[in-house]
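For reference, protein_18.cif (mmCIF, C-alpha atoms):
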```cif
data_target
loop_
_atom_site.label_atom_id
_atom_site.label_comp_id
_atom_site.auth_asym_id
_atom_site.auth_seq_id
_atom_site.Cartn_x
_atom_site.Cartn_y
_atom_site.Cartn_z
CA MET A 1 -27.47 -47.01 143.66
CA TYR A 2 -25.70 -47.99 140.43
CA ALA A 3 -21.93 -48.38 140.79
CA PRO A 4 -20.12 -47.51 137.53
CA GLN A 5 -18.30 -50.37 135.89
CA ALA A 6 -16.02 -50.66 132.91
CA PRO A 7 -17.64 -52.57 130.01
CA GLY A 8 -15.25 -55.48 130.39
CA ASP A 9 -15.94 -55.77 134.11
CA PHE A 10 -19.69 -55.73 133.46
CA GLU A 11 -19.43 -58.61 131.00
CA ARG A 12 -17.56 -60.71 133.56
CA THR A 13 -19.92 -60.26 136.53
CA ALA A 14 -21.73 -63.26 137.94
CA PHE A 15 -25.10 -61.72 137.11
CA ARG A 16 -24.11 -61.07 133.50
CA LYS A 17 -22.86 -64.64 133.13
CA ALA A 18 -26.23 -65.93 134.31
CA GLU A 19 -28.03 -63.64 131.86
CA LYS A 20 -25.93 -64.98 129.00
CA LYS A 21 -26.54 -68.55 130.16
CA TYR A 22 -30.32 -68.26 129.94
CA LYS A 23 -30.63 -65.79 127.06
CA LEU A 24 -32.36 -66.98 123.88
CA TYR A 25 -29.87 -67.88 121.16
CA LYS A 26 -30.84 -69.05 117.69
CA THR A 27 -29.08 -70.90 114.90
CA VAL A 28 -30.01 -71.07 111.23
CA SER A 29 -30.52 -74.56 109.84
CA LYS A 30 -29.72 -75.77 106.33
CA LYS A 31 -33.31 -75.00 105.37
CA SER A 32 -32.81 -71.38 106.52
CA ARG A 33 -35.06 -71.86 109.51
CA GLN A 34 -34.17 -70.37 112.86
CA LYS A 35 -33.98 -72.81 115.73
CA ALA A 36 -33.51 -72.01 119.42
CA VAL A 37 -30.27 -73.27 120.92
CA GLU A 38 -30.98 -75.68 123.76
CA THR A 39 -30.44 -74.14 127.20
CA ASP A 40 -29.57 -76.01 130.38
CA LEU A 41 -32.50 -75.27 132.69
CA SER A 42 -31.65 -77.86 135.32
CA GLU A 43 -30.72 -75.23 137.92
CA VAL A 44 -33.89 -73.16 137.47
CA PHE A 45 -36.26 -73.40 140.44
CA ASP A 46 -39.78 -74.45 139.44
CA PHE A 47 -42.27 -73.31 142.08
CA LYS A 48 -45.11 -75.11 140.34
CA LEU A 49 -43.34 -78.40 141.06
CA ILE A 50 -42.25 -77.18 144.50
CA LEU A 51 -45.90 -76.47 145.39
CA GLU A 52 -47.02 -79.88 144.10
CA SER A 53 -44.29 -81.59 146.12
CA PHE A 54 -45.17 -79.62 149.26
CA ASN A 55 -48.84 -80.51 148.92
CA GLN A 56 -47.93 -84.20 148.61
CA CYS A 57 -45.28 -84.61 151.28
CA GLY A 58 -44.92 -81.27 153.08
CA GLU A 59 -41.30 -80.82 152.01
CA THR A 60 -39.43 -78.09 150.12
CA PRO A 61 -35.98 -78.07 148.46
CA PRO A 62 -32.97 -76.99 150.58
CA GLY A 63 -32.85 -73.22 151.03
CA ILE A 64 -36.58 -72.74 150.38
CA PHE A 65 -39.37 -72.67 152.95
CA LYS A 66 -43.12 -72.13 153.00
CA LEU A 67 -44.01 -68.95 154.83
CA LYS A 68 -46.10 -69.42 157.95
CA CYS A 69 -48.79 -66.79 157.62
CA ASP A 70 -52.54 -66.41 157.50
CA PHE A 71 -52.85 -66.01 153.75
CA CYS A 72 -55.22 -67.56 151.25
CA ARG A 73 -52.45 -69.12 149.12
CA PRO A 74 -49.09 -70.83 149.75
CA VAL A 75 -46.15 -68.41 149.82
CA PHE A 76 -42.55 -69.56 149.38
CA CYS A 77 -39.31 -67.79 150.36
CA PHE A 78 -35.55 -68.24 149.98
CA GLU A 79 -33.60 -68.46 153.23
CA ASP A 80 -30.84 -66.23 151.82
CA ARG A 81 -33.13 -63.66 150.12
CA PRO A 82 -35.05 -61.93 152.94
CA GLY A 83 -37.97 -59.90 151.65
CA PHE A 84 -38.54 -62.05 148.55
CA TYR A 85 -41.87 -63.88 148.32
CA PHE A 86 -43.15 -66.18 145.56
CA ILE A 87 -46.89 -66.91 145.26
CA PRO A 88 -47.34 -69.60 142.57
CA GLY A 89 -50.63 -69.62 140.68
CA ALA A 90 -51.94 -66.61 142.59
CA LEU A 91 -54.41 -65.69 139.84
CA ASN A 92 -56.87 -68.07 138.23
CA THR A 93 -57.29 -68.27 134.45
CA GLU A 94 -60.23 -65.87 134.36
CA GLU A 95 -58.28 -63.26 136.35
CA GLN A 96 -55.24 -63.66 134.11
CA CYS A 97 -57.33 -63.09 130.99
CA HIS A 98 -58.96 -60.03 132.53
CA TRP A 99 -55.65 -58.34 133.35
CA ALA A 100 -54.16 -59.29 129.99
CA ARG A 101 -57.09 -57.54 128.31
CA GLU A 102 -56.70 -54.48 130.54
CA SER A 103 -52.97 -54.35 129.85
CA LEU A 104 -53.54 -54.24 126.09
CA THR A 105 -56.60 -51.99 125.93
CA ARG A 106 -57.01 -49.77 128.99
CA PHE A 107 -53.56 -49.37 130.51
CA PRO A 108 -51.78 -47.83 127.47
CA GLN A 109 -54.51 -45.17 127.09
CA PRO A 110 -53.50 -41.51 127.57
CA PRO A 111 -52.81 -39.76 129.85
CA ASN A 112 -50.92 -42.92 130.81
CA ARG A 113 -47.57 -42.80 129.05
CA THR A 114 -45.91 -45.52 126.98
CA ASN A 115 -42.56 -45.89 125.26
CA HIS A 116 -44.29 -44.53 122.12
CA ASN A 117 -44.97 -41.08 123.59
CA ALA A 118 -41.51 -39.67 122.93
CA ILE A 119 -41.74 -40.51 119.22
CA TYR A 120 -45.41 -40.45 118.24
CA GLY A 121 -47.10 -38.47 120.99
CA PRO A 122 -50.15 -39.78 122.88
CA ILE A 123 -51.78 -42.70 121.07
CA HIS A 124 -55.46 -43.38 121.71
CA ASP A 125 -57.20 -46.74 121.23
CA LEU A 126 -54.17 -48.56 119.86
CA PHE A 127 -55.55 -52.06 120.33
CA THR A 128 -58.84 -51.18 118.60
CA ALA A 129 -56.85 -49.69 115.72
CA VAL A 130 -54.93 -52.96 115.36
CA GLN A 131 -58.18 -54.93 115.30
CA ASN A 132 -59.40 -52.66 112.49
CA GLU A 133 -56.07 -52.86 110.63
CA LYS A 134 -55.54 -49.11 110.74
CA PHE A 135 -52.50 -46.88 110.31
CA LEU A 136 -51.38 -43.98 112.51
CA VAL A 137 -51.03 -40.79 110.44
CA ALA A 138 -49.75 -37.39 111.59
CA GLU A 139 -52.30 -34.61 111.89
CA ARG A 140 -50.72 -32.05 109.58
CA ASN A 141 -53.50 -29.51 109.26
CA THR A 142 -52.30 -27.52 112.29
CA HIS A 143 -48.71 -28.77 112.45
CA GLU A 144 -47.58 -28.66 108.83
CA ASP A 145 -44.12 -27.55 109.85
CA MET A 146 -43.57 -30.91 111.57
CA GLY A 147 -44.00 -32.73 108.28
CA SER A 148 -44.13 -36.36 109.29
CA LEU A 149 -43.63 -38.98 111.95
CA PRO A 150 -41.63 -39.43 114.09
CA TYR A 151 -41.90 -36.51 116.49
CA SER A 152 -39.17 -35.30 118.78
CA ASN A 153 -41.09 -35.37 122.05
CA ASP A 154 -44.56 -36.04 123.41
CA THR A 155 -45.22 -32.52 124.68
CA ASP A 156 -44.94 -30.87 121.26
CA ALA A 157 -46.17 -33.77 119.14
CA PRO A 158 -49.69 -33.49 117.77
CA ARG A 159 -52.02 -36.39 118.26
CA GLY A 160 -51.91 -38.75 115.31
CA VAL A 161 -55.11 -40.09 113.79
CA PHE A 162 -55.85 -43.65 112.76
CA LYS A 163 -57.00 -44.24 109.20
CA GLU A 164 -57.96 -47.30 107.25
CA LYS A 165 -55.60 -48.33 104.50
CA PHE A 166 -57.98 -47.54 101.64
CA ASN A 167 -58.38 -43.98 103.00
CA LEU A 168 -54.67 -43.21 102.91
CA SER A 169 -53.39 -40.74 100.37
CA GLU A 170 -49.95 -41.09 98.83
CA GLY A 171 -48.63 -38.52 101.30
CA ASP A 172 -50.24 -40.34 104.21
CA MET A 173 -48.57 -43.59 103.21
CA CYS A 174 -45.16 -41.93 103.54
CA ASN A 175 -46.00 -40.51 106.97
CA SER A 176 -47.83 -43.44 108.53
CA ILE A 177 -47.11 -46.53 110.57
CA ALA A 178 -49.28 -49.63 110.99
CA ALA A 179 -51.05 -49.92 114.33
CA SER A 180 -50.03 -53.59 114.42
CA LEU A 181 -46.36 -52.57 114.31
CA LEU A 182 -46.91 -50.10 117.16
CA LEU A 183 -48.46 -52.85 119.27
CA HIS A 184 -45.53 -55.15 118.47
CA LYS A 185 -43.14 -52.40 119.59
CA LEU A 186 -45.04 -51.57 122.78
CA ARG A 187 -42.61 -52.15 125.66
CA TRP A 188 -44.05 -50.32 128.68
CA SER A 189 -46.90 -48.22 129.95
CA THR A 190 -47.20 -46.38 133.27
CA LEU A 191 -50.23 -46.20 135.57
CA GLY A 192 -50.85 -43.82 138.45
CA LEU A 193 -47.90 -41.52 139.21
CA GLN A 194 -45.87 -41.34 136.01
CA PHE A 195 -42.24 -42.41 136.03
CA ASP A 196 -39.82 -40.22 134.07
CA TRP A 197 -37.29 -42.63 132.60
CA SER A 198 -34.85 -39.90 131.53
CA LYS A 199 -34.66 -38.39 135.04
CA ARG A 200 -35.30 -41.69 136.87
CA ASN A 201 -37.93 -40.23 139.19
CA TYR A 202 -41.68 -39.84 139.55
CA ASP A 203 -42.94 -36.61 138.02
CA VAL A 204 -46.05 -35.59 139.98
CA CYS A 205 -46.66 -32.78 137.48
CA LEU A 206 -47.42 -35.17 134.64
CA PRO A 207 -51.15 -35.79 134.11
CA HIS A 208 -52.25 -39.28 135.03
CA ASN A 209 -55.19 -41.45 135.98
CA LYS A 210 -55.25 -43.24 139.30
CA ILE A 211 -54.54 -46.93 139.28
CA PRO A 212 -57.89 -48.72 138.73
CA ASP A 213 -59.55 -49.61 142.04
CA THR A 214 -59.78 -53.30 141.16
CA LEU A 215 -56.03 -53.46 140.52
CA CYS A 216 -55.37 -51.57 143.78
CA GLN A 217 -57.48 -54.04 145.74
CA LEU A 218 -55.69 -56.99 144.14
CA ALA A 219 -52.28 -55.49 144.91
CA LYS A 220 -53.22 -54.75 148.53
CA LYS A 221 -54.44 -58.30 149.00
CA MET A 222 -51.39 -59.90 147.43
CA ALA A 223 -48.96 -57.64 149.31
CA THR A 224 -50.20 -58.98 152.66
CA PRO A 225 -47.42 -61.59 153.20
CA ALA A 226 -44.76 -58.86 152.91
CA MET A 227 -46.47 -56.39 155.25
CA SER A 228 -45.78 -56.28 158.98
CA GLY A 229 -47.12 -54.61 162.07
CA GLY A 230 -50.59 -54.13 160.69
CA THR A 231 -49.41 -51.67 158.03
CA GLU A 232 -51.20 -51.40 154.70
CA PHE A 233 -49.90 -51.26 151.16
CA HIS A 234 -50.98 -48.13 149.25
CA PRO A 235 -50.59 -48.56 145.46
CA GLU A 236 -49.60 -45.27 143.84
CA ALA A 237 -47.82 -46.23 140.62
CA ALA A 238 -47.46 -49.19 138.32
CA ILE A 239 -45.32 -50.06 135.33
CA VAL A 240 -46.58 -52.56 132.78
CA ASN A 241 -43.83 -54.29 130.81
CA TYR A 242 -44.48 -56.05 127.50
CA PHE A 243 -42.13 -58.78 126.25
CA SER A 244 -42.00 -60.58 122.92
CA SER A 245 -39.71 -63.30 121.59
CA GLY A 246 -36.05 -62.49 122.20
CA ASP A 247 -36.77 -59.66 124.63
CA MET A 248 -35.03 -59.48 127.99
CA LEU A 249 -34.90 -57.11 130.96
CA GLY A 250 -31.34 -56.59 132.12
CA GLY A 251 -30.28 -56.74 135.75
CA HIS A 252 -31.40 -53.64 137.63
CA LEU A 253 -32.64 -52.23 140.94
CA ASP A 254 -36.03 -50.65 141.62
CA ASP A 255 -34.80 -47.94 143.96
CA MET A 256 -36.82 -44.79 143.20
CA GLU A 257 -39.51 -45.31 145.85
CA ALA A 258 -39.13 -43.67 149.26
CA ASP A 259 -39.92 -46.65 151.50
CA TRP A 260 -38.26 -49.92 150.51
CA SER A 261 -39.98 -51.79 153.33
CA LYS A 262 -43.12 -51.68 151.17
CA PRO A 263 -43.14 -54.38 148.51
CA ILE A 264 -43.26 -54.22 144.77
CA VAL A 265 -46.14 -56.47 143.72
CA SER A 266 -45.21 -58.11 140.42
CA ILE A 267 -47.84 -59.98 138.37
CA SER A 268 -46.90 -62.30 135.49
CA LEU A 269 -49.21 -62.89 132.51
CA GLY A 270 -48.74 -64.84 129.30
CA CYS A 271 -45.65 -66.80 128.28
CA LYS A 272 -43.34 -68.41 130.83
CA ALA A 273 -40.10 -66.61 131.68
CA VAL A 274 -36.85 -67.10 133.57
CA PHE A 275 -36.40 -64.64 136.44
CA LEU A 276 -33.05 -63.93 138.12
CA ILE A 277 -32.55 -62.43 141.56
CA GLY A 278 -29.01 -61.82 142.77
CA GLY A 279 -27.53 -59.76 145.56
CA LYS A 280 -26.54 -56.17 146.27
CA SER A 281 -23.73 -56.40 143.71
CA ARG A 282 -23.65 -57.75 140.18
CA GLU A 283 -20.79 -59.90 141.45
CA ASN A 284 -23.23 -61.97 143.50
CA SER A 285 -24.44 -65.09 141.71
CA PRO A 286 -28.22 -64.94 141.14
CA VAL A 287 -30.75 -67.73 141.55
CA ALA A 288 -33.00 -68.53 138.62
CA MET A 289 -36.67 -69.47 138.70
CA PHE A 290 -39.56 -69.85 136.27
CA LEU A 291 -42.33 -67.26 136.23
CA ARG A 292 -45.63 -68.51 134.81
CA SER A 293 -48.84 -66.74 133.97
CA GLY A 294 -50.69 -66.08 137.22
CA ASP A 295 -47.60 -66.14 139.45
CA ILE A 296 -46.99 -63.18 141.75
CA VAL A 297 -43.66 -62.09 143.23
CA LEU A 298 -43.21 -59.66 146.12
CA MET A 299 -39.94 -57.82 146.74
CA ALA A 300 -39.58 -55.81 149.95
CA GLY A 301 -36.86 -54.77 152.41
CA GLN A 302 -33.50 -56.36 151.66
CA ALA A 303 -34.83 -57.90 148.43
CA ARG A 304 -35.34 -54.38 147.08
CA GLU A 305 -31.55 -53.98 147.15
CA CYS A 306 -30.97 -57.08 145.01
CA PHE A 307 -30.26 -56.95 141.29
CA HIS A 308 -32.92 -58.78 139.30
CA GLY A 309 -33.98 -59.24 135.70
CA ILE A 310 -35.61 -61.37 133.00
CA PRO A 311 -33.07 -62.95 130.61
CA ARG A 312 -35.54 -65.15 128.72
CA ILE A 313 -39.16 -65.68 127.82
CA PHE A 314 -40.43 -68.82 126.10
CA THR A 315 -42.68 -68.25 123.10
CA ASP A 316 -42.50 -71.68 121.45
CA GLU A 317 -45.62 -73.83 121.76
CA GLU A 318 -43.89 -76.49 123.84
CA ASN A 319 -42.53 -74.20 126.58
CA ALA A 320 -44.69 -71.06 126.59
CA GLU A 321 -47.39 -72.83 128.67
CA VAL A 322 -50.30 -70.57 127.71
CA SER A 323 -52.74 -73.27 126.57
CA LEU A 324 -55.15 -72.67 129.47
CA LEU A 325 -55.01 -68.93 128.93
CA ALA A 326 -55.43 -69.30 125.19
CA SER A 327 -58.48 -71.51 125.70
CA GLN A 328 -60.35 -68.51 127.12
CA PHE A 329 -59.95 -66.45 123.93
CA LEU A 330 -62.25 -68.44 121.65
CA LYS A 331 -64.61 -65.79 120.27
CA PRO A 332 -63.80 -64.23 116.87
CA VAL A 333 -63.39 -60.84 118.57
CA ASP A 334 -60.69 -62.38 120.78
CA GLN A 335 -58.45 -63.44 117.89
CA LEU A 336 -55.95 -60.62 118.40
CA PHE A 337 -55.73 -61.28 122.15
CA LEU A 338 -55.04 -64.93 121.36
CA GLU A 339 -52.34 -64.10 118.82
CA TYR A 340 -50.67 -61.70 121.24
CA ILE A 341 -50.74 -63.84 124.37
CA ARG A 342 -49.37 -66.92 122.59
CA THR A 343 -46.08 -65.17 121.87
CA SER A 344 -45.79 -62.50 124.56
CA ARG A 345 -45.41 -61.90 128.27
CA ILE A 346 -46.92 -59.06 130.29
CA ASN A 347 -45.67 -57.98 133.71
CA ILE A 348 -47.63 -55.58 135.92
CA ASN A 349 -45.60 -54.30 138.86
CA ILE A 350 -47.32 -52.07 141.40
CA ARG A 351 -45.50 -49.79 143.85
CA GLN A 352 -46.10 -47.51 146.81
CA VAL A 353 -44.06 -44.41 145.99
CA HIS A 354 -44.23 -42.39 149.25
#
```
How does the structure come out when it is put into structure tokens?
Amino acid sequence: MYAPQAPGDFERTAFRKAEKKYKLYKTVSKKSRQKAVETDLSEVFDFKLILESFNQCGETPPGIFKLKCDFCRPVFCFEDRPGFYFIPGALNTEEQCHWARESLTRFPQPPNRTNHNAIYGPIHDLFTAVQNEKFLVAERNTHEDMGSLPYSNDTDAPRGVFKEKFNLSEGDMCNSIAASLLLHKLRWSTLGLQFDWSKRNYDVCLPHNKIPDTLCQLAKKMATPAMSGGTEFHPEAAIVNYFSSGDMLGGHLDDMEADWSKPIVSISLGCKAVFLIGGKSRENSPVAMFLRSGDIVLMAGQARECFHGIPRIFTDEENAEVSLLASQFLKPVDQLFLEYIRTSRININIRQVH
């Protein structure tokens, strides 16, 4: 599905120009402080405001309409993007906090794979290790020939062990990495059927846990507006993406599932982001919209053939818009959740593979 392009052609595409327009750029002031360059956001659709306007006067901006369906929440669509559905504020604050917790504690647990597997092997209880300020150290008693981290692949790598700083020997210090740094570098985890990024397919031979029933039920419910003919959405795989300041997700297609008529259910948590959806070619100009914590996007049918991506997340206090979410993490034990969610975005996207 990816047409090869020369580097120069790629840089000149309409989608790439939009990515560069909304990407976070920083300048260094005279006091050596980094400051974000102001970005023109006037053309970014804001479905929070669109919903407020519709509730007040029953009107939507040109090119956008409210879907007529028997669903518990308002659903908005673009006239020129069939199969794309936007459900603003689909999750309440309590639900958002619950799934943020799950994304940081339960979802990265083995046998679920993360971007760390290829380097460090399976990592157990990462978030707990961060809370306890521990370091990941290679188990060398049975793998002395491997010497130290990092490992070449997750099938041969021994499981590392977490140790407290005062229990580290001089050799351990050379072969260790702070759990907090691993959490900061966490970029994705996979639930259900495991996606093989190198081969770009689902490897049914890889061990995995089923997607939690509660997440399946949520995805089935939220997929309803995109389903037709009484069919049902069957969640089989999910990818959880983790974004921090300056991170972006380049324009891409999600085309590895067998039936594109079934939607991808995409849940946003944490800091606000800019989302782009274009057309079947990178040459098609994309539309931009804000994604806030609790928003859900569905992409099915023709929308599955459209390039899409995240060029920007907002982590500054003024624009991140996580105050309501942060207000739920008030207990001392919640301090790490609070620190993470104030400067990060989590995206859970659930798919039916077959």
For Leu182 of chain A, please output as an MDAnalysis selection string all residues within 12 Å (counting all atoms listed in the file; exclusion window: fewer than 3 positions along the same chain). chainID A and resid 104 108 114:117 119:120 123:127 129:130 133:136 162 176:179 185:188
Excluding Ser228 of chain A and residues on its chain fewer than 4 positions from it, collect all residues at most 10 Å away from it, counting only C-alpha atoms, and give them as a CSV table (one decimal) with C-alpha atoms, in the coordinates of the input.
```csv
chain,number,residue,atom,x,y,z
A,224,THR,CA,-50.2,-59.0,152.7
A,232,GLU,CA,-51.2,-51.4,154.7
A,261,SER,CA,-40.0,-51.8,153.3
A,262,LYS,CA,-43.1,-51.7,151.2
```
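Excluding Ser281 of chain A and any residue on its chain fewer than 2 positions from it, the residues at most 8 Å away by all atoms listed in the file are Gly278, Gly279, Glu283, Asn284, Cys306 and Phe307 of chain A.
Between atom CA of Asp203 of chain A and atom CA of Leu215 of chain A the separation is 21.5 Å.
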For the file shown, report as a list in words the outcome of the PyMOL selection byres ((chain A and resi 92) around 12) at residue level. Arg73, Pro88, Gly89, Ala90, Leu91, Thr93, Glu94, Glu95, Gln96, Cys97, His98, Trp99, Ser268, Leu269, Arg292, Ser293, Gly294, Asp295, Ile296, Leu324, Leu325 and Gln328 of chain A
How would the residues just picked look written out with C-alpha atoms as a PDB file, in the frame of the given file?
```pdb
ATOM      1  CA  ARG A  73     -52.450 -69.120 149.120  1.00  0.00           C
ATOM      2  CA  PRO A  88     -47.340 -69.600 142.570  1.00  0.00           C
ATOM      3  CA  GLY A  89     -50.630 -69.620 140.680  1.00  0.00           C
ATOM      4  CA  ALA A  90     -51.940 -66.610 142.590  1.00  0.00           C
ATOM      5  CA  LEU A  91     -54.410 -65.690 139.840  1.00  0.00           C
ATOM      6  CA  THR A  93     -57.290 -68.270 134.450  1.00  0.00           C
ATOM      7  CA  GLU A  94     -60.230 -65.870 134.360  1.00  0.00           C
ATOM      8  CA  GLU A  95     -58.280 -63.260 136.350  1.00  0.00           C
ATOM      9  CA  GLN A  96     -55.240 -63.660 134.110  1.00  0.00           C
ATOM     10  CA  CYS A  97     -57.330 -63.090 130.990  1.00  0.00           C
ATOM     11  CA  HIS A  98     -58.960 -60.030 132.530  1.00  0.00           C
ATOM     12  CA  TRP A  99     -55.650 -58.340 133.350  1.00  0.00           C
ATOM     13  CA  SER A 268     -46.900 -62.300 135.490  1.00  0.00           C
ATOM     14  CA  LEU A 269     -49.210 -62.890 132.510  1.00  0.00           C
ATOM     15  CA  ARG A 292     -45.630 -68.510 134.810  1.00  0.00           C
ATOM     16  CA  SER A 293     -48.840 -66.740 133.970  1.00  0.00           C
ATOM     17  CA  GLY A 294     -50.690 -66.080 137.220  1.00  0.00           C
ATOM     18  CA  ASP A 295     -47.600 -66.140 139.450  1.00  0.00           C
ATOM     19  CA  ILE A 296     -46.990 -63.180 141.750  1.00  0.00           C
ATOM     20  CA  LEU A 324     -55.150 -72.670 129.470  1.00  0.00           C
ATOM     21  CA  LEU A 325     -55.010 -68.930 128.930  1.00  0.00           C
ATOM     22  CA  GLN A 328     -60.350 -68.510 127.120  1.00  0.00           C
TER      23      GLN A 328
END
```
Counting all atoms listed in the file, which residues have an atom no more than 8 Å from (-39.9, -74.4, 151.1) in the file's coordinates? Please list them as a PyMOL selection string. chain A and resi 50+54+59-67+76-78
Filtering to C-alpha atoms, could you give me those residues as an mmCIF file, in the coordinates of the input?
```
data_model
loop_
_atom_site.group_PDB
_atom_site.id
_atom_site.type_symbol
_atom_site.label_atom_id
_atom_site.label_comp_id
_atom_site.auth_asym_id
_atom_site.auth_seq_id
_atom_site.Cartn_x
_atom_site.Cartn_y
_atom_site.Cartn_z
ATOM 1 C CA ILE A 50 -42.250 -77.180 144.500
ATOM 2 C CA PHE A 54 -45.170 -79.620 149.260
ATOM 3 C CA GLU A 59 -41.300 -80.820 152.010
ATOM 4 C CA THR A 60 -39.430 -78.090 150.120
ATOM 5 C CA PRO A 61 -35.980 -78.070 148.460
ATOM 6 C CA PRO A 62 -32.970 -76.990 150.580
ATOM 7 C CA GLY A 63 -32.850 -73.220 151.030
ATOM 8 C CA ILE A 64 -36.580 -72.740 150.380
ATOM 9 C CA PHE A 65 -39.370 -72.670 152.950
ATOM 10 C CA LYS A 66 -43.120 -72.130 153.000
ATOM 11 C CA LEU A 67 -44.010 -68.950 154.830
ATOM 12 C CA PHE A 76 -42.550 -69.560 149.380
ATOM 13 C CA CYS A 77 -39.310 -67.790 150.360
ATOM 14 C CA PHE A 78 -35.550 -68.240 149.980
#
```
Quick one: residues within 9 Å of Arg16 of chain A, all atoms listed in the file counted, chain neighbours fewer than 6 positions away excluded, as a ChimeraX atom specification? /A:10,250-251,282-283
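Between Val137 of chain A and the candidates A:Val287, A:Phe86, A:Asp172, A:Leu338, the tightest atom-to-atom separation, counting all atoms listed in the file, involves A:Asp172.
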Give as a PyMOL selection string the residues that the PyMOL selection byres ((chain A and resi 200) around 12) matches when applied to the coordinates above. chain A and resi 1+194-199+201-203+253-257
If you measure from atom CA of Lys163 of chain A to atom CA of Ala138 of chain A, what distance in Å do you get, rounded to one decimal? 10.3 Å
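Minimum atom-to-atom distances from A:Glu52, A:Thr105, A:Phe166, A:Thr343 to Glu318 of chain A were compared using only C-alpha atoms, and the lowest value belongs to A:Thr343.
Among the candidates A:Asp316, A:Glu102, A:Glu164, A:Glu79, the residue lying nearest to Pro212 of chain A is A:Glu102 (atoms considered: only C-alpha atoms).
Of the residues under consideration (A:Gly192, A:Gly301, A:Pro122, A:Pro263), A:Gly192 shows the shortest atom-to-atom contact distance to Ala238 of chain A when counting all atoms listed in the file.
Atom CA of Lys23 of chain A to atom CA of Ile313 of chain A spans 8.6 Å [interatomic distance, one decimal].
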Generate a file for segment 101-112 of chain A, containing N, CA, C and O atoms, as a PDB file, in the first residue's frame.
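So result_15.pdb came out as:
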```
ATOM      1  N   ARG A 101      -4.146   4.476  33.680  1.00  0.00           N
ATOM      2  CA  ARG A 101      -3.479   3.577  34.630  1.00  0.00           C
ATOM      3  C   ARG A 101      -3.173   2.224  33.981  1.00  0.00           C
ATOM      4  O   ARG A 101      -2.066   1.691  34.099  1.00  0.00           O
ATOM      5  N   GLU A 102      -4.172   1.664  33.305  1.00  0.00           N
ATOM      6  CA  GLU A 102      -3.993   0.368  32.657  1.00  0.00           C
ATOM      7  C   GLU A 102      -2.884   0.426  31.605  1.00  0.00           C
ATOM      8  O   GLU A 102      -2.093  -0.513  31.463  1.00  0.00           O
ATOM      9  N   SER A 103      -2.828   1.535  30.885  1.00  0.00           N
ATOM     10  CA  SER A 103      -1.837   1.675  29.813  1.00  0.00           C
ATOM     11  C   SER A 103      -0.414   1.734  30.350  1.00  0.00           C
ATOM     12  O   SER A 103       0.540   1.361  29.651  1.00  0.00           O
ATOM     13  N   LEU A 104      -0.258   2.208  31.579  1.00  0.00           N
ATOM     14  CA  LEU A 104       1.074   2.341  32.158  1.00  0.00           C
ATOM     15  C   LEU A 104       1.474   1.144  33.025  1.00  0.00           C
ATOM     16  O   LEU A 104       2.663   0.913  33.243  1.00  0.00           O
ATOM     17  N   THR A 105       0.503   0.415  33.530  1.00  0.00           N
ATOM     18  CA  THR A 105       0.820  -0.685  34.451  1.00  0.00           C
ATOM     19  C   THR A 105       0.562  -2.057  33.855  1.00  0.00           C
ATOM     20  O   THR A 105       1.453  -2.912  33.839  1.00  0.00           O
ATOM     21  N   ARG A 106      -0.633  -2.276  33.336  1.00  0.00           N
ATOM     22  CA  ARG A 106      -1.031  -3.612  32.888  1.00  0.00           C
ATOM     23  C   ARG A 106      -0.656  -3.904  31.439  1.00  0.00           C
ATOM     24  O   ARG A 106      -0.169  -4.994  31.112  1.00  0.00           O
ATOM     25  N   PHE A 107      -0.886  -2.944  30.560  1.00  0.00           N
ATOM     26  CA  PHE A 107      -0.719  -3.211  29.131  1.00  0.00           C
ATOM     27  C   PHE A 107       0.723  -3.509  28.704  1.00  0.00           C
ATOM     28  O   PHE A 107       0.938  -4.317  27.793  1.00  0.00           O
ATOM     29  N   PRO A 108       1.754  -2.899  29.305  1.00  0.00           N
ATOM     30  CA  PRO A 108       3.125  -3.237  28.873  1.00  0.00           C
ATOM     31  C   PRO A 108       3.666  -4.533  29.475  1.00  0.00           C
ATOM     32  O   PRO A 108       4.809  -4.892  29.205  1.00  0.00           O
ATOM     33  N   GLN A 109       2.862  -5.248  30.273  1.00  0.00           N
ATOM     34  CA  GLN A 109       3.339  -6.461  30.927  1.00  0.00           C
ATOM     35  C   GLN A 109       3.507  -7.614  29.932  1.00  0.00           C
ATOM     36  O   GLN A 109       2.651  -7.855  29.090  1.00  0.00           O
ATOM     37  N   PRO A 110       4.609  -8.357  30.013  1.00  0.00           N
ATOM     38  CA  PRO A 110       4.766  -9.572  29.202  1.00  0.00           C
ATOM     39  C   PRO A 110       3.634 -10.555  29.488  1.00  0.00           C
ATOM     40  O   PRO A 110       3.111 -10.578  30.618  1.00  0.00           O
ATOM     41  N   PRO A 111       3.184 -11.345  28.489  1.00  0.00           N
ATOM     42  CA  PRO A 111       3.836 -11.511  27.174  1.00  0.00           C
ATOM     43  C   PRO A 111       3.536 -10.412  26.159  1.00  0.00           C
ATOM     44  O   PRO A 111       3.980 -10.511  25.024  1.00  0.00           O
ATOM     45  N   ASN A 112       2.749  -9.389  26.544  1.00  0.00           N
ATOM     46  CA  ASN A 112       2.594  -8.259  25.630  1.00  0.00           C
ATOM     47  C   ASN A 112       3.972  -7.681  25.324  1.00  0.00           C
ATOM     48  O   ASN A 112       4.823  -7.568  26.203  1.00  0.00           O
TER      49      ASN A 112
END
```
